[in-house]
>>> print(open('coords_21.cif').read())   # mmCIF, C-alpha atoms
data_data
#
loop_
_atom_site.label_atom_id
_atom_site.label_comp_id
_atom_site.auth_asym_id
_atom_site.auth_seq_id
_atom_site.Cartn_x
_atom_site.Cartn_y
_atom_site.Cartn_z
CA MET A 7 21.81 37.05 -1.44
CA LYS A 8 19.72 33.89 -1.48
CA GLU A 9 16.72 33.58 0.80
CA ALA A 10 16.85 30.84 3.40
CA ARG A 11 13.65 28.96 2.59
CA PHE A 12 12.43 25.52 1.77
CA LYS A 13 10.85 24.87 -1.61
CA LEU A 14 7.16 23.98 -1.74
CA SER A 15 8.09 20.52 -3.03
CA GLU A 16 10.39 19.97 -0.02
CA VAL A 17 7.61 20.85 2.40
CA ALA A 18 5.11 18.63 0.57
CA ASN A 19 7.57 15.71 0.50
CA TYR A 20 8.34 16.13 4.20
CA LEU A 21 4.63 16.19 4.98
CA GLU A 22 4.00 13.09 2.86
CA GLU A 23 6.80 11.27 4.67
CA LYS A 24 5.29 12.16 8.06
CA ILE A 25 1.92 10.81 6.93
CA LEU A 26 3.40 7.57 5.58
CA ASN A 27 5.29 7.05 8.85
CA GLY A 28 2.13 7.68 10.89
CA GLU A 29 3.64 10.76 12.54
CA ALA A 30 1.31 13.43 11.11
CA ASN A 31 -1.55 14.93 13.06
CA ALA A 32 -5.03 15.57 11.63
CA ALA A 33 -4.22 19.16 10.61
CA GLU A 34 -1.12 18.05 8.73
CA GLU A 35 -3.02 15.28 6.97
CA GLU A 36 -5.73 17.73 5.92
CA LEU A 37 -3.13 20.21 4.71
CA TYR A 38 -1.46 17.56 2.56
CA GLU A 39 -4.77 16.26 1.17
CA ARG A 40 -5.87 19.77 0.21
CA HIS A 41 -2.44 20.40 -1.36
CA MET A 42 -2.79 17.23 -3.44
CA TRP A 43 -6.19 18.46 -4.68
CA GLY A 44 -4.48 21.59 -6.01
CA GLU A 45 -5.34 24.09 -3.31
CA ARG A 46 -2.66 26.58 -2.36
CA VAL A 47 -2.68 25.76 1.33
CA ILE A 48 1.02 25.40 2.13
CA ARG A 49 1.63 29.05 2.96
CA THR A 50 3.95 30.77 5.40
CA ASP A 51 1.00 32.47 7.13
CA SER A 52 -0.44 29.08 8.12
CA SER A 53 0.30 27.93 11.68
CA THR A 54 0.47 24.30 10.53
CA THR A 55 3.00 25.20 7.83
CA GLN A 56 5.02 27.27 10.31
CA GLN A 57 5.24 24.25 12.62
CA LEU A 58 6.35 22.04 9.73
CA LEU A 59 9.04 24.55 8.73
CA LEU A 60 10.40 24.61 12.27
CA GLU A 61 10.46 20.79 12.36
CA MET A 62 12.22 20.68 8.99
CA LYS A 63 14.76 23.29 10.03
CA LYS A 64 15.54 21.29 13.18
CA GLU A 65 15.67 17.91 11.39
CA TYR A 66 17.75 19.12 8.43
CA GLY A 67 20.08 21.34 10.44
CA GLY A 68 18.89 24.67 9.07
CA TYR A 69 17.37 26.12 5.96
CA PRO A 70 18.87 25.12 2.58
CA PHE A 71 21.00 28.29 2.28
CA GLU A 72 22.29 27.89 5.85
CA ARG A 73 23.42 24.32 5.20
CA GLY A 74 24.91 25.00 1.79
CA GLY A 75 22.04 23.78 -0.39
CA ASP A 76 20.59 25.33 -3.53
#
>>> encode(input="coords_21.cif", output="structure tokens")
Amino acid sequence: MKEARFKLSEVANYLEEKILNGEANAAEEELYERHMWGERVIRTDSSTTQQLLLEMKKEYGGYPFERGGD
């Protein structure tokens, strides 16, 4: 059975979109900047990442597996 998760690239793209739209807070901007510098900061044990995942799940109508994605 497939796991219902977002790919790292999906989370990074969502975060970048929030920044470009001026919707990201300081913690999200720092997370994205550190990610772009190659740090492994987008982790499921991060409260900022957890909040992003909940936003993504709400916006996209579920995790990829739940909505029929890859």
>>> resolve_selection(input="coords_21.cif", expression="the PyMOL selection byres ((chain A and resi 12-29) around 7)", output="compact mmCIF listing (two decimals) with C-alpha atoms, keeping the file's coordinate frame")
# COMPACT_ATOMS: atom_id res chain seq x y z
CA ARG A 11 13.65 28.96 2.59
CA ALA A 30 1.31 13.43 11.11
CA ASN A 31 -1.55 14.93 13.06
CA GLU A 35 -3.02 15.28 6.97
CA TYR A 38 -1.46 17.56 2.56
CA TYR A 69 17.37 26.12 5.96
CA PRO A 70 18.87 25.12 2.58
>>> resolve_selection(input="coords_21.cif", expression="the PyMOL selection byres ((chain A and resi 48) around 9)", output="PDB file with C-alpha atoms, keeping the file's coordinate frame")
ATOM      1  CA  LEU A  14       7.160  23.980  -1.740  1.00  0.00           C
ATOM      2  CA  VAL A  17       7.610  20.850   2.400  1.00  0.00           C
ATOM      3  CA  ALA A  18       5.110  18.630   0.570  1.00  0.00           C
ATOM      4  CA  LEU A  37      -3.130  20.210   4.710  1.00  0.00           C
ATOM      5  CA  TYR A  38      -1.460  17.560   2.560  1.00  0.00           C
ATOM      6  CA  HIS A  41      -2.440  20.400  -1.360  1.00  0.00           C
ATOM      7  CA  GLU A  45      -5.340  24.090  -3.310  1.00  0.00           C
ATOM      8  CA  ARG A  46      -2.660  26.580  -2.360  1.00  0.00           C
ATOM      9  CA  VAL A  47      -2.680  25.760   1.330  1.00  0.00           C
ATOM     10  CA  ARG A  49       1.630  29.050   2.960  1.00  0.00           C
ATOM     11  CA  THR A  50       3.950  30.770   5.400  1.00  0.00           C
ATOM     12  CA  ASP A  51       1.000  32.470   7.130  1.00  0.00           C
ATOM     13  CA  SER A  52      -0.440  29.080   8.120  1.00  0.00           C
ATOM     14  CA  THR A  54       0.470  24.300  10.530  1.00  0.00           C
ATOM     15  CA  THR A  55       3.000  25.200   7.830  1.00  0.00           C
TER      16      THR A  55
END
>>> atom_distance(input="coords_21.cif", atom1="CA of Leu59 in chain A", atom2="CA of Glu34 in chain A")
12.1 Å
>>> atom_distance(input="coords_21.cif", atom1="CA of Glu36 in chain A", atom2="CA of Gly68 in chain A")
25.8 Å
